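Worksheet: one structure, shown below.
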Amino acid sequence: MSDSEETFQASAALTLGIELELQLVKPHDLDLARGAADLLARLGRRKLPGAVKPEITESMIELNSGVHADCAALLDELNVLRKALAEEASLLNLQVSGGGSHPFHDWADRRIFPTERFKWVVERYGYLAKQFTVFGQHVHIGCPGGDDAVYLAHMLTRYVPHFIALSAASPFYQGEDTLFQSSRLTAVSAFPLAGHIPFVRDWPEFLDYFRRMKAFGIVASMKDFYWDIRPKPEYGTIEIRVFDTPLTLRRAALLAAYVQALAAWHLAERPHEPVQDIYLVNSFNRFEACRYGLRGELIDPYSGAKHGIGEDVLSTLELLLPHAKRLGCDALLAELGDTVRHGESDADWLRARYAKRSLTDVVRDACAKWAAH
Amino acid sequence: MLFGVLLALGLLTGEAVRRYLSLPRITGYVLVGAALGPEGTALLDGNALFELRLLVDLAIGLVVFELGSRVDLAWLRRNRWLFVAALAESLFCFLAIYAALWYFGFRPLLAAMAAAIGTATSPAVVLLVSSDLRSEGQITERMILLTAVNTMFAYLVVALLLPFLHLDQQADLGTALLHPLYVFIGAVALGAATSGLMMQVARWLGKDESRQFVLIVAVLVMTIGLAHGLQLSVAVTLVTLGLFARNFDRHHVLLPVRLGHGGQLFFVILFVLTGASLEFHALEIAAAAAVAAFIVMRFLGKALGLLIFGKPSGIPPGKVGLLAVALVPMSGLAVVMVRDTITVYPSFGRELAAVVLSAVAILEIIGPIATQFALRRAGEARPGQ
């Protein structure tokens, strides 16, 4: 495991793939269901692209796409998976929903999916493991080499507040309105190895850090880092992990397109070099994005100026336009820009559902939205 | 005073059998009831049972209502094989018991009646054991759904057989055909009507769990009273009420029912009194073979129906077996049904009644244990429960 982790398997630049953690819900009380094992057994008998995997508790299921050059193909493939999942789930009377958190489930009721790795996680992290029943989207971007991966990790950190605000879909947690647009990341922050990559310059320097952490006995593998953005040497990718799973598959594809275009811009033009200030402003920016979403503010580490997150996304989209055209995802980014301009977000949509006064209604509507799009 | 003693003894025994013998609490409640009942120390006599009738009716009402509300018609529409499996489970079970009783020489009409009564799984046992174990998953969900279907099936077949019993008793043809129709269809109509009323009121009340719970109790007590007054089948009325409330609540005004601590109270009383109503004296050596055949064929019928149609409905064969085991508990309602039938038709026969009542007595004890075993084995019980 360890040696293969130290070699960065080069992959075609800007290829992409995503992982989506989804909620399994019981129709009768709209609480989380215990259904992953039965569902996986049924899906395992079908010929499907990509992969479907268990996650830490039995109320979660993860869809993995294959590796794609463009987002349209990615979306097509995931739609095949989404439909297969819906068919099998309906036989077992389970519903599927997007969103970063289940609005009212009780974390203590969750059951750990019985694999060695998950059992170890529970043994190690106690209640944090069950509280980790939150649902995120991970985006992988292919990098030709380890140095590019390290560079992109630093560069994309500037945009973490964008990612959080654009995907935010967890305003409710444990039956309460948290007032946050994304409450999910708080569950991640509790882990001791959460945070961000250290300020290393290139792949050898990163490996040196990794080896020291291993020698201290703090980590056993790259998997033990719960960072917002981390290199994934065995895939040859950089992995962005701060997204809430959106309420629709389409939005998941829009987010992937955004990351792909950002990576394309940085690798092609290298508009900035890494500076420590990226990490000085990071926690403030991250909090603003979790709390206020697109209505929050961020500090630009390069200029020191404060911008509204929504406006900052829109001006970034302008810069990305030529690269998006080259990648063929300009239409998707235009669509993403429109939602920002109209002030639409999944978190606000969920809150609007709650105006009907019961969180069960929120879950029912979220399931219907996932099934329809 | 008596009520308090019943509760305390039931509670303590239930906890003791769970802790020391790892048996379901229900088994403890039933044992206490049997010990205190007319068959035991006779501390609980007919008078005492009568005084507690409102509580028992309400307890059964809540259980049957919840059972109805767990029937998801949309699931049956999407998963046709599940619907077929549910019908086959009921039908094969009915036929298997019928065959066993016919073999022992009971008159076909009476054997059919007893077989219909025996088809129903106990709603109270499956709901209480699954909530006690906090079990979740396919076996749990299907067990509850199949229980609802076989309970409805049992009442329907009993209603269909009644005309023949009437004719047997030389009633006129009109009464023979119309009365059972009235009992069943009237019950469905009453359940549907009260569910509509309940949703209207709930809409006005708003989404608050405790207010809605009080509303449900009020509607149940009224409906039980009405059904008694109109001489309709109470169980069918309440299953219909629950089923309509779940499936025809277009504006989603009703919140899911959670019985909570109050529910436990009802359950303890219900099972202690069920225990008291069991008739162990009916167990005779002579009838032992018939009773054993009744129990074994009942199980095999259920298992066969599920084995044939379980796989296309989406669960693997191993789990199908566990599902059949989970459905073993026989409904305490059978005691009521047998007694009712005997009052109207004495020709039902002491011997056949003895067979059914003995089977109930045995299955009240081993049924909860079977359900608990199945849910644990399927990995659906919460670890440590």
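Note on naming: chains are A, B, ... as they come in the structure tokens, residues start from 1 per chain, ligands start from 1 in the order shown.
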Pull out every residue of chain A that has at least one atom within 8 Å of chain B, counting only C-alpha atoms, and report them as a ChimeraX atom specification.
-> /A:28-29,33-35,38,42,90-93,111,357-358,360-361
Could the residues in this selection be written to a file with C-alpha atoms, as a PDB file, in the first residue's frame?
ATOM      1  CA  HIS A  28     -42.948   5.689   5.836  1.00  0.00           C
ATOM      2  CA  ASP A  29     -41.287   8.070   8.279  1.00  0.00           C
ATOM      3  CA  ALA A  33     -32.995   3.694   6.279  1.00  0.00           C
ATOM      4  CA  ARG A  34     -30.739   0.755   6.891  1.00  0.00           C
ATOM      5  CA  GLY A  35     -30.554  -0.539   3.348  1.00  0.00           C
ATOM      6  CA  ASP A  38     -29.442  -5.173   0.409  1.00  0.00           C
ATOM      7  CA  ARG A  42     -28.966  -6.208  -5.953  1.00  0.00           C
ATOM      8  CA  SER A  90     -37.995   1.022  -5.372  1.00  0.00           C
ATOM      9  CA  LEU A  91     -38.170  -2.791  -5.162  1.00  0.00           C
ATOM     10  CA  LEU A  92     -36.892  -2.553  -1.596  1.00  0.00           C
ATOM     11  CA  ASN A  93     -39.112   0.434  -0.792  1.00  0.00           C
ATOM     12  CA  ARG A 111     -25.347   1.313  12.071  1.00  0.00           C
ATOM     13  CA  ARG A 357     -43.519  23.287   8.987  1.00  0.00           C
ATOM     14  CA  SER A 358     -42.244  19.725   9.097  1.00  0.00           C
ATOM     15  CA  THR A 360     -40.453  15.172   6.987  1.00  0.00           C
ATOM     16  CA  ASP A 361     -41.847  17.341   4.160  1.00  0.00           C
TER      17      ASP A 361
END
Near Ala235 of chain B, within 12 Å and counting only C-alpha atoms, which residues show up once chain neighbours fewer than 4 positions away are dropped, as a PyMOL selection string?
-> chain B and resi 57-68+120+123+148+151-156+183-184+187-188+190-191+220+223-224+227-228+231+239-242+331+333-334+336-337
What lies within 10 Å of Phe191 of chain A using only C-alpha atoms, ignoring chain neighbours under 2 positions off, as a PyMOL selection string?
-> chain A and resi 125+128-129+132+186-189+193-195+224-227
Write the residues you've just listed into a file as an mmCIF file, in the first residue's frame, and include C-alpha atoms for each of them.
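The result, stored in selection-v2.cif:
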data_model
loop_
_atom_site.group_PDB
_atom_site.id
_atom_site.type_symbol
_atom_site.label_atom_id
_atom_site.label_comp_id
_atom_site.auth_asym_id
_atom_site.auth_seq_id
_atom_site.Cartn_x
_atom_site.Cartn_y
_atom_site.Cartn_z
ATOM 1 C CA TYR A 125 -13.021 7.754 16.374
ATOM 2 C CA LEU A 128 -17.421 10.908 15.397
ATOM 3 C CA ALA A 129 -17.759 7.935 13.058
ATOM 4 C CA PHE A 132 -19.971 11.270 10.008
ATOM 5 C CA THR A 186 -18.437 20.818 10.928
ATOM 6 C CA ALA A 187 -18.746 17.029 11.170
ATOM 7 C CA VAL A 188 -15.570 16.706 9.090
ATOM 8 C CA SER A 189 -13.599 19.322 11.036
ATOM 9 C CA LEU A 193 -6.397 14.963 10.580
ATOM 10 C CA ALA A 194 -8.874 17.340 8.960
ATOM 11 C CA GLY A 195 -7.612 20.605 7.516
ATOM 12 C CA ASP A 224 -5.916 9.075 6.863
ATOM 13 C CA PHE A 225 -5.716 12.711 5.792
ATOM 14 C CA TYR A 226 -9.242 14.150 5.889
ATOM 15 C CA TRP A 227 -8.154 17.290 4.046
#
Would you mind listing what lies within 12 Å of His342 of chain A as a ChimeraX atom specification, with only C-alpha atoms counted and same-chain residues fewer than 3 positions away left out?
-> /A:294,310-311,314,335-339,345,348
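For the choices A:His266, A:Arg241, A:Arg184, A:Arg211, the atom-to-atom distance to Cys143 of chain A is smallest for A:His266 when using only C-alpha atoms.
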Determine which residues of segment 214-276 of chain A receive a DSSP assignment of strand (DSSP E or B), computed from the backbone, and state them as a VMD selection string.
-> chain A and resid 226 to 227 229 to 232 237 to 244
Spatial neighbours of Gly301 of chain B, 9 Å, only C-alpha atoms, chain gap at least 4 places, as a ChimeraX atom specification | /B:88-97,296-297,305-306
Using C-alpha atoms, can you write the selected residues to a file as an mmCIF file, in the first residue's frame?
data_model
loop_
_atom_site.group_PDB
_atom_site.id
_atom_site.type_symbol
_atom_site.label_atom_id
_atom_site.label_comp_id
_atom_site.auth_asym_id
_atom_site.auth_seq_id
_atom_site.Cartn_x
_atom_site.Cartn_y
_atom_site.Cartn_z
ATOM 1 C CA ALA B 88 -49.396 -16.614 -1.798
ATOM 2 C CA GLU B 89 -48.194 -16.534 1.798
ATOM 3 C CA SER B 90 -51.769 -16.085 3.037
ATOM 4 C CA LEU B 91 -53.372 -18.489 0.581
ATOM 5 C CA PHE B 92 -50.868 -21.341 0.984
ATOM 6 C CA CYS B 93 -50.961 -20.986 4.751
ATOM 7 C CA PHE B 94 -54.755 -21.167 4.694
ATOM 8 C CA LEU B 95 -54.728 -24.225 2.423
ATOM 9 C CA ALA B 96 -52.045 -25.998 4.449
ATOM 10 C CA ILE B 97 -53.926 -25.616 7.733
ATOM 11 C CA VAL B 296 -46.311 -27.159 11.503
ATOM 12 C CA MET B 297 -48.514 -26.926 8.404
ATOM 13 C CA GLY B 305 -45.606 -19.153 -0.497
ATOM 14 C CA LEU B 306 -42.581 -17.006 0.297
#
Go through segment 134-343 of chain B and collect every residue that DSSP, computed from the backbone, puts in helix (DSSP H, G or I); the answer should be as a PyMOL selection string.
-> chain B and resi 138-168+173-205+209-229+234-247+260-277+280-282+285-309+317-326+333-343
Which of these, A:Leu40, A:Ala252, A:Leu207, A:Ala264, has the shortest distance to Ala168 of chain A once you count only C-alpha atoms?
-> A:Ala252
Nearby residues (only C-alpha atoms) at most 10 Å from Asp202 of chain A, same-chain spacing under 2 positions excluded, as an mmCIF file with C-alpha atoms, in the first residue's frame:
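Saved the output as result_12.cif:
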data_model
loop_
_atom_site.group_PDB
_atom_site.id
_atom_site.type_symbol
_atom_site.label_atom_id
_atom_site.label_comp_id
_atom_site.auth_asym_id
_atom_site.auth_seq_id
_atom_site.Cartn_x
_atom_site.Cartn_y
_atom_site.Cartn_z
ATOM 1 C CA GLY A 146 2.874 15.094 -8.584
ATOM 2 C CA ASP A 147 4.191 18.659 -8.796
ATOM 3 C CA ASP A 148 1.079 19.714 -10.686
ATOM 4 C CA ALA A 149 -1.050 18.036 -8.010
ATOM 5 C CA VAL A 150 0.684 19.975 -5.227
ATOM 6 C CA TYR A 151 0.406 23.223 -7.208
ATOM 7 C CA PHE A 199 2.725 24.460 2.595
ATOM 8 C CA VAL A 200 5.064 22.271 0.529
ATOM 9 C CA PRO A 204 9.300 15.425 -3.240
ATOM 10 C CA GLU A 205 8.749 17.905 -0.421
ATOM 11 C CA PHE A 206 5.241 16.516 0.064
ATOM 12 C CA LEU A 207 6.569 12.948 0.165
#
Could you tell me which of A:Gly100, A:Arg201, A:Met155, A:Arg251 comes closest to Ser183 of chain A if we count only C-alpha atoms?
-> A:Gly100
In Å, with one decimal, what is the gap from atom CA of Ser97 of chain A to atom CA of Gly66 of chain A?
-> 21.4 Å
For segment 6-9 of chain A: contacts at 8 Å, only C-alpha atoms, fewer than 6 positions along chain excluded, given as a list in words | Gly145, Gly146, Leu207, Lys232, Pro233, Glu234, Tyr235 and Gly236 of chain A
Just-selected residues, C-alpha atoms written as a short mmCIF file (atom, residue, chain, number, x, y, z; two decimals), in the first residue's frame:
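What follows is the written file part.cif:
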data_model
loop_
_atom_site.label_atom_id
_atom_site.label_comp_id
_atom_site.auth_asym_id
_atom_site.auth_seq_id
_atom_site.Cartn_x
_atom_site.Cartn_y
_atom_site.Cartn_z
CA GLY A 145 2.56 14.75 -12.33
CA GLY A 146 2.87 15.09 -8.58
CA LEU A 207 6.57 12.95 0.16
CA LYS A 232 -4.50 10.89 -4.68
CA PRO A 233 -1.26 9.49 -6.14
CA GLU A 234 -2.63 6.04 -6.98
CA TYR A 235 -5.25 7.62 -9.27
CA GLY A 236 -2.94 10.41 -10.41
#
Can you work out the spacing between atom CA of Ile278 of chain A and atom CA of Pro198 of chain A in Å, to one decimal?
-> 11.4 Å
